[in-house]
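Take a look at the structure set out below.
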Amino acid sequence: MSDVTVHDDVAIPLADGTVRATRHEPAVDGPQPVVLVYTPYHKDDLSDTRSDPMVGSLVDAGYEVVVADAVGTGASDGLVDQPFTADEGRHGAAVVEWLADRSWSNGRVGIVGKSYPGTTALEIAAENPDGLAAIVPIHAPARIYDAYFDGGTLAFLRTCGQWAPNFEYLPLQPPANRTVEGWADRWNDRLDALEDREPFLFQYLDHLEKDEYWAAKDVPIGDISVPTLAVGGYRDAFGGGTLDYADRIDAPTEVILGPWRHAMPEQGETARIDFLGEMEAWFDHHLHDGGDRESRPEIRYWTERPADEDRLAGEWRARETWPTADDDAVGFDLGRDGLSTDGSSAGTTDRWEVDYSVGTASIGFEIPGGTDLDTTPDDDRSLTYETAPLEDAFELTGSGEVGLEIVPDGPTQLVAVRVVDVAPDGTGRLVTHGVTRAELDGEVDPLGEQGATPEPLTAGEPHSIDVSLRPTSHVFEPGHTLRVAVSGAFFPYVSPPDGSAGFALWTAGSACHLPGQFHDGSPTFDDGAAFDPPQDVYEEPTAPDWETAVSHTDDTVTVSLEQSYSKSLSGATFEYETATTASVERGTLETETMDRRTATTLSFPTESIQSEVHSSVTRSFASMQYGVDREGEALYRERKRAAVDR
């Protein structure tokens, strides 16, 4: 950011408190449009607003960029009692109207944010504040229950091992900018309030189905009336949600859908694009008078074309609508002879024997900075059905569905389905997947409403279920095999409900419906889309240390993740370390555990402040331990524990 004036402590008054923000003022004359990032992730340390390439790019383009700490977080007042509330939208809307009324603003405000800040962009837009002109949510959930429960099943690694514990270390840290008056009082008040706040993790575990707690958190997407550029990823938790909310917005809306995990489109493992340029053009068009931008297709998406010489190969394409299993889907029947499209495979009854560790070779999509692994170890312990090696390529583009006839052994049943591309050398690659709780009879996650409640299954009796698959676009090339793998576990991605066990599968009533088509040989597409190459202004994401181990003594399988980084801030250094461990015995759910430790250090010229949070979740209990030290001296200690019934 050249010739930029940074205002570190902009106080924005609300009816019930003060939001503090950092304003990046461009070196241009006269009022300019404003782009807001409204975040719970600490503008002065975790978000590091001064070195964010997105902020720098927008300021260099002449925008006023304001990064504001959400009420109850960072340098702002208070402590958040629970996440994803309507208050976030109301508070953020007040911030937008305040910004639109500044002398240095042209009266038009845009909002951009990734993950939670992307959700706040949606929440604020649903309030329709004066001055809001356009938003750019990136990897953002709008159905909040789905963010933590997939198909009604607890997203074990994501919820208990990653996101929920993250929100517990944030309030332990003091505001990193200590030049602001009253920073110590705000920090002290927050620590005092933290003693009485129920950890977010405990709240989630106390609401396993979509009840009023979750329904109240859904963003009222139908109320959004501003142009929206929505970004999602096939390997991100919210790819399907992105398509869903974009389809519900009554305003000009475009979607960019790539093969990314939870990363910026300029940082993905592949298919990197000049997203900063795309975002700038979007805001230029909607926040400036007469901004010129050529029209784009409603959906631009990446089609994976894995090849021997490049497993990450693919191409950008465009379309106006996203296909589903209700469209022109190809039906693959499951049978004794594998998968068939002509009903020629004879029906049979197959049995999945309990192995709760199935999934460890298929969770690359769930690991930030991870990569895809060979799924064969999981496939070998699942019920698998596959085509013969394909003579002609099959293109899967859309969101598929699998219908199954199962006979459960118990009153509940997790069912996981994975669609796998098997290369000629026998290695498997996860293409898409879906999970569901069979005992949830009805719609699991209706927008803004309570969902299905459990209806216990009758052991030994058949039960029909539908499993929705994540959106993707992938070509199974000639010589490859399409495999469908079915199991009662997907560890540590999801945690089966108590009572989930083995099951029998009746193939005569089971089929996989995949939107797409067979091509003659290997296809050539004529619906291509183009992006400029990335600007390479982002640092490479820190790759995690990621291991899976098997104990040959008690058959326990353990998945371990560790990650650390440090960054230089204005007036301090920030260090972050985290370690997550998930374990389960193959034959019993009672041993399932998830442990997470997060430690941070803020080092100032005169002192350092360390925080640490350790959480643990078993089938019966959840615990949370907090600690804050100043130069090795204990400032805060707290331990919380809750019974869990899942």
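Chains: A, B, ... in order of the structure tokens. Residues: from 1 per chain. Ligands: from 1, in order shown.
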Write out as a ChimeraX atom specification the residues lying within 8 Å of stretch 581-598 of chain A, counting only C-alpha atoms and excluding same-chain residues fewer than 3 positions away.
/A:156-157,160-162,165-166,169,354-357,492,498,554-561,576-578,612-619
May I have the selected residues written with N, CA, C and O atoms, as a compact mmCIF listing (two decimals), in the first residue's frame?
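Result went into again_18.txt, see below:
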# COMPACT_ATOMS: atom_id res chain seq x y z
N PHE A 156 -17.35 -33.51 13.27
CA PHE A 156 -16.52 -33.71 14.46
C PHE A 156 -15.22 -32.92 14.39
O PHE A 156 -14.90 -32.15 15.30
N LEU A 157 -14.45 -33.09 13.33
CA LEU A 157 -13.17 -32.40 13.24
C LEU A 157 -13.37 -30.89 13.13
O LEU A 157 -12.72 -30.12 13.84
N CYS A 160 -15.56 -29.63 16.65
CA CYS A 160 -14.93 -29.87 17.95
C CYS A 160 -13.42 -29.70 17.92
O CYS A 160 -12.81 -29.47 18.97
N GLY A 161 -12.82 -29.81 16.75
CA GLY A 161 -11.36 -29.75 16.67
C GLY A 161 -10.81 -28.50 16.03
O GLY A 161 -9.60 -28.28 16.05
N GLN A 162 -11.70 -27.67 15.43
CA GLN A 162 -11.19 -26.50 14.72
C GLN A 162 -11.97 -25.24 15.08
O GLN A 162 -11.51 -24.39 15.84
N PRO A 165 -13.43 -24.31 19.07
CA PRO A 165 -12.33 -23.94 19.98
C PRO A 165 -11.63 -22.64 19.59
O PRO A 165 -11.12 -21.93 20.46
N ASN A 166 -11.61 -22.33 18.28
CA ASN A 166 -10.97 -21.08 17.86
C ASN A 166 -11.58 -19.86 18.54
O ASN A 166 -10.89 -18.90 18.86
N TYR A 169 -10.09 -18.86 22.28
CA TYR A 169 -8.83 -18.19 22.59
C TYR A 169 -8.87 -16.71 22.24
O TYR A 169 -8.13 -15.89 22.80
N VAL A 354 -18.87 -53.02 11.21
CA VAL A 354 -18.43 -51.82 11.92
C VAL A 354 -16.92 -51.64 11.87
O VAL A 354 -16.15 -52.55 12.18
N ASP A 355 -16.51 -50.46 11.43
CA ASP A 355 -15.14 -49.98 11.55
C ASP A 355 -15.23 -48.47 11.60
O ASP A 355 -15.34 -47.80 10.58
N TYR A 356 -15.21 -47.94 12.82
CA TYR A 356 -15.45 -46.51 13.01
C TYR A 356 -14.28 -45.63 12.59
O TYR A 356 -14.39 -44.40 12.66
N SER A 357 -13.21 -46.24 12.13
CA SER A 357 -12.07 -45.44 11.67
C SER A 357 -12.11 -45.18 10.17
O SER A 357 -11.23 -44.49 9.64
N PRO A 492 -12.19 -38.54 10.91
CA PRO A 492 -12.90 -37.80 11.97
C PRO A 492 -13.79 -36.68 11.44
O PRO A 492 -14.11 -35.75 12.17
N ASP A 498 -25.04 -41.78 18.96
CA ASP A 498 -25.11 -42.98 19.81
C ASP A 498 -26.15 -43.94 19.25
O ASP A 498 -27.26 -43.53 18.89
N ASP A 554 -4.32 -51.86 20.66
CA ASP A 554 -5.76 -51.82 20.94
C ASP A 554 -6.58 -51.38 19.72
O ASP A 554 -7.76 -51.08 19.85
N ASP A 555 -5.96 -51.34 18.52
CA ASP A 555 -6.66 -51.00 17.28
C ASP A 555 -7.24 -49.59 17.32
O ASP A 555 -8.30 -49.32 16.75
N THR A 556 -6.55 -48.68 17.99
CA THR A 556 -6.96 -47.28 18.01
C THR A 556 -6.33 -46.55 16.83
O THR A 556 -5.14 -46.69 16.56
N VAL A 557 -7.14 -45.76 16.15
CA VAL A 557 -6.67 -44.95 15.03
C VAL A 557 -6.67 -43.49 15.47
O VAL A 557 -7.65 -43.00 16.03
N THR A 558 -5.57 -42.80 15.22
CA THR A 558 -5.40 -41.41 15.66
C THR A 558 -5.01 -40.53 14.49
O THR A 558 -4.11 -40.87 13.72
N VAL A 559 -5.70 -39.41 14.36
CA VAL A 559 -5.37 -38.39 13.38
C VAL A 559 -4.85 -37.17 14.13
O VAL A 559 -5.52 -36.68 15.05
N SER A 560 -3.68 -36.68 13.75
CA SER A 560 -3.05 -35.54 14.44
C SER A 560 -2.79 -34.42 13.45
O SER A 560 -2.29 -34.66 12.34
N LEU A 561 -3.09 -33.20 13.87
CA LEU A 561 -2.83 -32.00 13.08
C LEU A 561 -2.11 -30.99 13.94
O LEU A 561 -2.52 -30.75 15.08
N TYR A 576 1.35 -18.07 16.95
CA TYR A 576 0.18 -18.93 17.05
C TYR A 576 0.60 -20.38 16.89
O TYR A 576 1.37 -20.72 15.98
N GLU A 577 0.11 -21.24 17.77
CA GLU A 577 0.36 -22.68 17.67
C GLU A 577 -0.93 -23.42 17.98
O GLU A 577 -1.66 -23.04 18.90
N THR A 578 -1.19 -24.46 17.23
CA THR A 578 -2.37 -25.28 17.52
C THR A 578 -2.06 -26.74 17.26
O THR A 578 -1.25 -27.06 16.37
N GLU A 612 -3.66 -19.64 26.39
CA GLU A 612 -3.76 -21.04 26.01
C GLU A 612 -5.16 -21.54 26.32
O GLU A 612 -5.73 -21.24 27.38
N VAL A 613 -5.71 -22.29 25.36
CA VAL A 613 -7.01 -22.94 25.54
C VAL A 613 -6.85 -24.40 25.17
O VAL A 613 -6.29 -24.72 24.12
N HIS A 614 -7.33 -25.27 26.04
CA HIS A 614 -7.31 -26.70 25.77
C HIS A 614 -8.73 -27.23 25.90
O HIS A 614 -9.35 -27.11 26.96
N SER A 615 -9.25 -27.81 24.83
CA SER A 615 -10.60 -28.38 24.85
C SER A 615 -10.52 -29.87 24.60
O SER A 615 -9.62 -30.36 23.91
N SER A 616 -11.49 -30.59 25.15
CA SER A 616 -11.56 -32.03 24.97
C SER A 616 -13.02 -32.45 24.88
O SER A 616 -13.86 -31.96 25.66
N VAL A 617 -13.33 -33.32 23.92
CA VAL A 617 -14.70 -33.81 23.73
C VAL A 617 -14.67 -35.32 23.67
O VAL A 617 -13.90 -35.90 22.88
N THR A 618 -15.46 -35.96 24.50
CA THR A 618 -15.65 -37.41 24.44
C THR A 618 -17.12 -37.67 24.15
O THR A 618 -17.89 -36.76 23.88
N ARG A 619 -17.53 -38.94 24.22
CA ARG A 619 -18.94 -39.26 24.01
C ARG A 619 -19.81 -38.80 25.18
O ARG A 619 -21.02 -38.68 25.04
Return the single residue from A:Asp8, A:Asp150, A:Asp29, A:Glu477 that is closest to A:Gly314, with distances computed using only C-alpha atoms.
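The closest residue to A:Gly314 is A:Glu477.
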Neighbour list for A:Leu469 as a ChimeraX atom specification, cut-off 10 Å, only C-alpha atoms, skip fewer than 6 positions in-chain:
/A:240,324-325,398-402,416-419,431-435,512-514
Based on the backbone DSSP call, show me all residues of stretch 530-581 of chain A assigned strand (DSSP E or B), as JSON, numbers by chain.
{"A": [545, 546, 547, 548, 549, 550, 556, 557, 558, 559, 560, 561, 562, 563, 564, 565, 566, 567, 568, 569, 572, 573, 574, 575, 576, 577, 578, 579, 580, 581]}
Using only C-alpha atoms, determine which residues lie at most 9 Å from A:Ser620, disregarding the query and same-chain residues fewer than 6 positions distant; provide the list as a PyMOL selection string.
chain A and resi 590+642-646
How close does each residue of stretch 153-234 of chain A get to stretch 39-63 of chain A, giving the shortest atom pair and distance in Å to one decimal for every residue with an atom at most 9 Å away, counting only C-alpha atoms, sorted by chain and residue number, as a Markdown table?
| residue | atom | partner | partner_atom | distance |
| --- | --- | --- | --- | --- |
| A:Phe167 | CA | A:Tyr41 | CA | 8.9 |
| A:Leu170 | CA | A:Tyr41 | CA | 7.6 |
| A:Pro175 | CA | A:Asp44 | CA | 7.3 |
| A:Ala176 | CA | A:Asp44 | CA | 5.7 |
| A:Asn177 | CA | A:Asp44 | CA | 6.5 |
Need to verify the contact set: stretch 100-109 of chain A, 7 Å, only C-alpha atoms, exclusion of same-chain residues closer than 2 positions in sequence. Can you return it as a list in words?
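That gives Gly30, Pro31, Gln32, Pro33, Val34, Val35, Val96, Glu97, Trp98, Ile111, Gly131, Leu132, Ala133 and Leu287 of chain A.
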Same residues, N, CA, C and O atoms, output as an mmCIF file, in the first residue's frame:
data_model
loop_
_atom_site.group_PDB
_atom_site.id
_atom_site.type_symbol
_atom_site.label_atom_id
_atom_site.label_comp_id
_atom_site.auth_asym_id
_atom_site.auth_seq_id
_atom_site.Cartn_x
_atom_site.Cartn_y
_atom_site.Cartn_z
ATOM 1 N N GLY A 30 -10.883 13.896 -2.770
ATOM 2 C CA GLY A 30 -12.332 13.855 -2.774
ATOM 3 C C GLY A 30 -12.915 12.601 -2.175
ATOM 4 O O GLY A 30 -12.205 11.629 -1.890
ATOM 5 N N PRO A 31 -14.220 12.604 -1.944
ATOM 6 C CA PRO A 31 -14.893 11.438 -1.362
ATOM 7 C C PRO A 31 -14.782 10.220 -2.273
ATOM 8 O O PRO A 31 -14.865 10.338 -3.499
ATOM 9 N N GLN A 32 -14.607 9.053 -1.659
ATOM 10 C CA GLN A 32 -14.454 7.802 -2.393
ATOM 11 C C GLN A 32 -15.419 6.756 -1.829
ATOM 12 O O GLN A 32 -15.883 6.868 -0.686
ATOM 13 N N PRO A 33 -15.723 5.732 -2.609
ATOM 14 C CA PRO A 33 -16.524 4.636 -2.058
ATOM 15 C C PRO A 33 -15.751 3.906 -0.966
ATOM 16 O O PRO A 33 -14.520 3.918 -0.937
ATOM 17 N N VAL A 34 -16.502 3.249 -0.082
ATOM 18 C CA VAL A 34 -15.917 2.573 1.070
ATOM 19 C C VAL A 34 -16.161 1.072 0.951
ATOM 20 O O VAL A 34 -17.263 0.635 0.602
ATOM 21 N N VAL A 35 -15.138 0.283 1.254
ATOM 22 C CA VAL A 35 -15.288 -1.167 1.358
ATOM 23 C C VAL A 35 -15.059 -1.545 2.816
ATOM 24 O O VAL A 35 -14.025 -1.213 3.401
ATOM 25 N N VAL A 96 -22.381 0.465 8.464
ATOM 26 C CA VAL A 96 -22.484 0.842 7.056
ATOM 27 C C VAL A 96 -23.090 2.228 6.910
ATOM 28 O O VAL A 96 -22.571 3.082 6.157
ATOM 29 N N GLU A 97 -24.164 2.493 7.612
ATOM 30 C CA GLU A 97 -24.822 3.799 7.482
ATOM 31 C C GLU A 97 -23.933 4.917 8.004
ATOM 32 O O GLU A 97 -23.923 6.028 7.452
ATOM 33 N N TRP A 98 -23.164 4.639 9.056
ATOM 34 C CA TRP A 98 -22.227 5.637 9.576
ATOM 35 C C TRP A 98 -21.152 5.932 8.533
ATOM 36 O O TRP A 98 -20.796 7.091 8.299
ATOM 37 N N ILE A 111 -19.165 -4.488 0.944
ATOM 38 C CA ILE A 111 -18.657 -5.336 2.025
ATOM 39 C C ILE A 111 -18.011 -6.566 1.407
ATOM 40 O O ILE A 111 -18.557 -7.163 0.469
ATOM 41 N N GLY A 131 -27.010 3.081 1.890
ATOM 42 C CA GLY A 131 -25.633 3.221 1.437
ATOM 43 C C GLY A 131 -25.002 1.930 0.957
ATOM 44 O O GLY A 131 -24.016 1.975 0.223
ATOM 45 N N LEU A 132 -25.518 0.777 1.365
ATOM 46 C CA LEU A 132 -24.916 -0.482 0.932
ATOM 47 C C LEU A 132 -25.228 -0.713 -0.543
ATOM 48 O O LEU A 132 -26.390 -0.697 -0.950
ATOM 49 N N ALA A 133 -24.178 -0.975 -1.335
ATOM 50 C CA ALA A 133 -24.350 -1.075 -2.786
ATOM 51 C C ALA A 133 -23.985 -2.435 -3.349
ATOM 52 O O ALA A 133 -24.484 -2.804 -4.415
ATOM 53 N N LEU A 287 -19.996 0.585 -7.140
ATOM 54 C CA LEU A 287 -19.749 1.635 -6.151
ATOM 55 C C LEU A 287 -19.336 2.957 -6.775
ATOM 56 O O LEU A 287 -19.263 3.972 -6.085
#
So which residues touch stretch 208-223 of chain A within 8 Å, counting only C-alpha atoms, skipping near sequence neighbours fewer than 3 positions away, as an MDAnalysis selection string?
chainID A and resid 84:86 122:123 125:128 142:145 149 152:154 204:205 245 248:250 444:445 447:453 646
Quick one, how far is atom CA of A:Thr481 from atom CA of A:Pro515?
17.0 Å
Run DSSP on the backbone and grab whatever in stretch 309-497 of chain A lands in alpha helix (DSSP H); send it over as number ranges by chain.
A: 376-379
Writing out the chosen residues with C-alpha atoms as a PDB file, in the first residue's frame:
ATOM      1  CA  THR A 376      -8.141 -47.048  -1.173  1.00  0.00           C
ATOM      2  CA  PRO A 377      -7.686 -47.778   2.574  1.00  0.00           C
ATOM      3  CA  ASP A 378     -11.176 -46.383   3.207  1.00  0.00           C
ATOM      4  CA  ASP A 379     -12.698 -48.030   0.171  1.00  0.00           C
TER       5      ASP A 379
END
Choose the residue, out of A:Arg190, A:Leu36, A:Asp333, A:Thr524, that has the smallest atom-to-atom separation from A:Pro117; count only C-alpha atoms.
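Between A:Arg190, A:Leu36, A:Asp333, A:Thr524, the residue approaching A:Pro117 most closely is A:Leu36.
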Residues within 7 Å of A:Glu638, only C-alpha atoms, excluding chain neighbours under 4 positions, as a ChimeraX atom specification:
/A:625-627
